[in-house]
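S.K.: Before I ask anything, let me first share the structure, which is written out below as structure tokens.
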Amino acid sequence: MTLIKPLQIASFTAPNNLLLAPMAGITDTPFRILCLQGGAGIVCAEMVSAHALHYGNPKSGRMLQVAKKEHPVSMQIFGADEQTIAEAAKNAEAQGADLIDLNAGCPVKKINKAGAGCVLMKDELKLGRLIEAAVKAVKIPVTLKTRIALNHKELLAVRMAKLAQNAGASAITLHARAAVDVHAGAPNIEAVAEACLAVNIPVIGNGGVVNASVAKQFLEAGCAGVMIGRGAVGNPFIFQDIQDEIAGKPVRPLTASKKLEIYLALIRENVSYYGERIGVNRSRKTAGYWINNFPGAADVRGRFVRLDTLQDIEKLFADVRVSL
Ligand SMILES: Cc1cc2nc3c(=O)[nH]c(=O)nc-3n(C[C@H](O)[C@H](O)[C@H](O)COP(=O)(O)O)c2cc1C
């Protein structure tokens, strides 16, 4: 059985079935481009508020922008109101998104209080209407990202998959953890497998994919694709590594020095995209993923997060790489 193959989502074909997960504060344009270079078949943007877009929030507007080099890209929107969801979907399509993804899995309180994210799993009528509103508003495929459950009492994976299909979504991503677990614990791949059997639309499995072995488990369970979140932060080449490993090719883990080199390239891209202050600030947030696999890494991280200029960061990284 060929596990790695092009991914067909309605009329759209991605070159392979390994996707970068949407991650707020992380999967922006510079990181998305890096992951495409690292072999991702589709990259997903961090979630954007449909409500904020409606009120012209400039930060949210910028988050919707698509660079020429970052296709295929899926723009994720969240919200609780059909009209603003339809508007946001149209807006993302006009900006050049290849796919629109609707978020119904986020457990963050602020988002849930506004009626968006995982609380939509409790209100199937409303969730169905939101999907339909997005589907009607655009020509590109609309997908849903949700979870297998809200809690440990009841699995909702099959219900969510059927709901997505019936409302016109072209694919569903299932995060194989309950909302109460946020991002912790082993993925429940069996729950995702049940959903795969229940629908005809592609089911994309997500949660805990950090190597080829977990990716294989999802694909062998019937998933059309696998979505990778934290496994790609600090290792954007994980997509190529998984493809190589599944093809039986040797895979060498990134050395500490190579990781620093890739991180520095990303920091430079962040600085050129956002300007020095915001670019350096954003880069700092993922330091723990990049500066971690050598003696003294914690000390280097401590020094790094106090630096404000690209020049100082370049000097620190050059010194550290010489010592490795
Ligand atoms: C920092 C962070 C931000 C996230 N932001 C989003 C988001 O904007 N939209 C979304 O659907 N999921 C978001 N997630 C969830 C991921 O897309 C993914 O479902 C989750 O991390 C599980 O995958 P993993 O185990 O491969 O990391 C976020 C996760 C993390 C760690």
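Lettering and numbering for the structure tokens are positional, with chains as A, B, ... in the shown order, residues counted from 1 in each chain, and ligands counted from 1 in the shown order.
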Quick one: everything within 8 Å of Gly79 in chain A, counting only C-alpha atoms, minus sequence neighbours fewer than 6 positions away in the same chain. Send it as a list in words.
M.R.: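 With the cut-off at 8 Å, the set is Ser49, Ala50, His51, Ile85, Asn103, Ala114, Gly115, Ala116 and Gly117 of chain A.
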S.K.: With only C-alpha atoms and all ligand atoms counted and 6 Å as the cut-off, give the residues of chain A in contact with ligand 1, each with its shortest interatomic distance in Å and the pair that gives it, as CSV.
M.R.:
residue,atom,partner,partner_atom_place_in_ligand_line,distance
A:Ala21,CA,ligand 1,17 (O),4.4
A:Pro22,CA,ligand 1,17 (O),4.4
A:Met23,CA,ligand 1,5 (N),3.2
A:Ala24,CA,ligand 1,5 (N),3.9
A:Glu46,CA,ligand 1,8 (O),4.3
A:Met47,CA,ligand 1,8 (O),4.0
A:Asn103,CA,ligand 1,11 (O),5.3
A:Cys106,CA,ligand 1,10 (C),5.9
A:Lys145,CA,ligand 1,11 (O),6.0
A:His175,CA,ligand 1,19 (O),5.3
A:His183,CA,ligand 1,22 (C),5.5
A:Asn206,CA,ligand 1,23 (O),5.5
A:Gly207,CA,ligand 1,25 (O),3.6
A:Gly208,CA,ligand 1,25 (O),3.6
A:Val209,CA,ligand 1,26 (O),5.0
A:Ile228,CA,ligand 1,26 (O),4.2
A:Gly229,CA,ligand 1,26 (O),3.5
A:Arg230,CA,ligand 1,27 (O),3.8
A:Gly231,CA,ligand 1,26 (O),5.6
S.K.: Please give the complete set of residues from range 17-224 of chain A that DSSP, run on the backbone, assigns to helix (DSSP H, G or I), formatted as a ChimeraX atom specification.
M.R.: /A:29-37,50-54,58-63,82-95,109-113,117-122,124-137,157-167,179-181,189-198,212-220
S.K.: Which one is closest to Val138 in chain A: A:Ile100, A:Ala161, A:Ile77, A:Ala171? Count only C-alpha atoms.
M.R.: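 Among the listed residues, A:Ile100 lies closest to Val138 in chain A.
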S.K.: So that I can check the surroundings of Tyr55 in chain A, please list as a list in words every protein, DNA and RNA residue that reaches within 12 Å of it, counting only C-alpha atoms and ignoring chain neighbours fewer than 6 positions away.
M.R.: Ser49, Gly61, Thr84, Glu87 and Ala88 of chain A
S.K.: Could the residues in this selection be saved with N, CA and C atoms as a short mmCIF file (atom, residue, chain, number, x, y, z; two decimals), in the first residue's frame?
M.R.:
data_model
loop_
_atom_site.label_atom_id
_atom_site.label_comp_id
_atom_site.auth_asym_id
_atom_site.auth_seq_id
_atom_site.Cartn_x
_atom_site.Cartn_y
_atom_site.Cartn_z
N SER A 49 -9.52 35.49 13.15
CA SER A 49 -10.88 35.75 13.62
C SER A 49 -11.74 36.39 12.53
N GLY A 61 -6.11 41.25 9.21
CA GLY A 61 -6.05 41.40 7.74
C GLY A 61 -4.72 40.93 7.20
N THR A 84 -20.25 36.63 9.09
CA THR A 84 -18.82 37.00 9.14
C THR A 84 -17.95 35.84 8.66
N GLU A 87 -18.01 36.06 4.92
CA GLU A 87 -17.16 37.20 4.50
C GLU A 87 -15.69 36.85 4.59
N ALA A 88 -15.31 36.23 5.72
CA ALA A 88 -13.90 35.89 5.93
C ALA A 88 -13.44 34.86 4.90
#
S.K.: Rank A:Ile26, A:Arg268, A:Ala212, A:Gly225 by their smallest atom-to-atom distance to Lys249 in chain A, using only C-alpha atoms, and report the top residue only.
M.R.: A:Ala212
S.K.: Per DSSP on the backbone, what are the strand (DSSP E or B) residues of range 56-304 of chain A, as a ChimeraX atom specification?
M.R.: /A:73-78,99-104,142-149,155,171-178,203-206,225-228
S.K.: Would you pick out the contacts of range 304-315 of chain A at 8 Å or less, using only C-alpha atoms, so that residues sharing its chain but fewer than 2 positions from it are not included, and give the list as a PyMOL selection string?
M.R.: chain A and resi 264+267-268+271+276-277+280-281+284+287+300-302+317-319
S.K.: Print the selection's residues with N, CA and C atoms to a file, as an mmCIF file, in the first residue's frame.
M.R.:
data_model
loop_
_atom_site.group_PDB
_atom_site.id
_atom_site.type_symbol
_atom_site.label_atom_id
_atom_site.label_comp_id
_atom_site.auth_asym_id
_atom_site.auth_seq_id
_atom_site.Cartn_x
_atom_site.Cartn_y
_atom_site.Cartn_z
ATOM 1 N N LEU A 264 18.368 30.314 12.331
ATOM 2 C CA LEU A 264 18.860 31.651 11.988
ATOM 3 C C LEU A 264 18.268 32.110 10.655
ATOM 4 N N ILE A 267 14.844 33.250 11.442
ATOM 5 C CA ILE A 267 14.849 34.545 12.151
ATOM 6 C C ILE A 267 15.081 35.679 11.142
ATOM 7 N N ARG A 268 16.013 35.441 10.203
ATOM 8 C CA ARG A 268 16.274 36.469 9.168
ATOM 9 C C ARG A 268 15.005 36.723 8.352
ATOM 10 N N VAL A 271 12.574 38.740 10.390
ATOM 11 C CA VAL A 271 12.977 40.153 10.473
ATOM 12 C C VAL A 271 12.651 40.855 9.163
ATOM 13 N N GLU A 276 12.550 44.381 12.443
ATOM 14 C CA GLU A 276 13.439 43.752 13.439
ATOM 15 C C GLU A 276 12.756 43.489 14.785
ATOM 16 N N ARG A 277 12.030 44.469 15.315
ATOM 17 C CA ARG A 277 11.482 44.320 16.666
ATOM 18 C C ARG A 277 10.474 43.166 16.738
ATOM 19 N N VAL A 280 12.119 39.636 15.688
ATOM 20 C CA VAL A 280 12.941 39.005 16.736
ATOM 21 C C VAL A 280 12.031 38.490 17.850
ATOM 22 N N ASN A 281 11.062 39.293 18.203
ATOM 23 C CA ASN A 281 10.124 38.926 19.266
ATOM 24 C C ASN A 281 9.389 37.617 18.946
ATOM 25 N N ARG A 284 11.617 34.501 19.133
ATOM 26 C CA ARG A 284 11.956 34.058 20.495
ATOM 27 C C ARG A 284 10.987 32.992 21.009
ATOM 28 N N ALA A 287 12.050 29.404 20.638
ATOM 29 C CA ALA A 287 13.469 29.086 20.917
ATOM 30 C C ALA A 287 13.638 27.684 21.501
ATOM 31 N N VAL A 300 22.283 29.028 26.463
ATOM 32 C CA VAL A 300 22.254 29.752 25.180
ATOM 33 C C VAL A 300 20.865 30.361 24.952
ATOM 34 N N ARG A 301 19.836 29.587 25.292
ATOM 35 C CA ARG A 301 18.463 30.120 25.147
ATOM 36 C C ARG A 301 18.274 31.359 26.018
ATOM 37 N N GLY A 302 18.789 31.281 27.240
ATOM 38 C CA GLY A 302 18.686 32.405 28.176
ATOM 39 C C GLY A 302 19.331 33.656 27.598
ATOM 40 N N PHE A 317 24.914 33.025 17.607
ATOM 41 C CA PHE A 317 24.793 31.723 16.937
ATOM 42 C C PHE A 317 26.136 31.299 16.328
ATOM 43 N N ALA A 318 26.881 32.268 15.759
ATOM 44 C CA ALA A 318 28.187 31.942 15.167
ATOM 45 C C ALA A 318 29.115 31.413 16.266
ATOM 46 N N ASP A 319 29.137 32.076 17.427
ATOM 47 C CA ASP A 319 30.003 31.638 18.538
ATOM 48 C C ASP A 319 29.616 30.239 18.995
#
S.K.: Can you list, as a list in words, every protein, DNA or RNA residue that comes within 12 Å of Ala247 in chain A when you count only C-alpha atoms, leaving out same-chain residues fewer than 2 positions away?
M.R.: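 Answer for this query is Met1, Thr2, Leu3, Ile4, Lys5, Ala212, Lys216, Gln240, Asp241, Ile242, Gln243, Asp244, Glu245, Lys249, Pro250 and Val251 of chain A.
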S.K.: Have a look at CA of Leu102 in chain A and CA of Met75 in chain A and let me know their distance in Å, one decimal.
M.R.: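 Between CA of Leu102 in chain A and CA of Met75 in chain A the gap is 8.6 Å.
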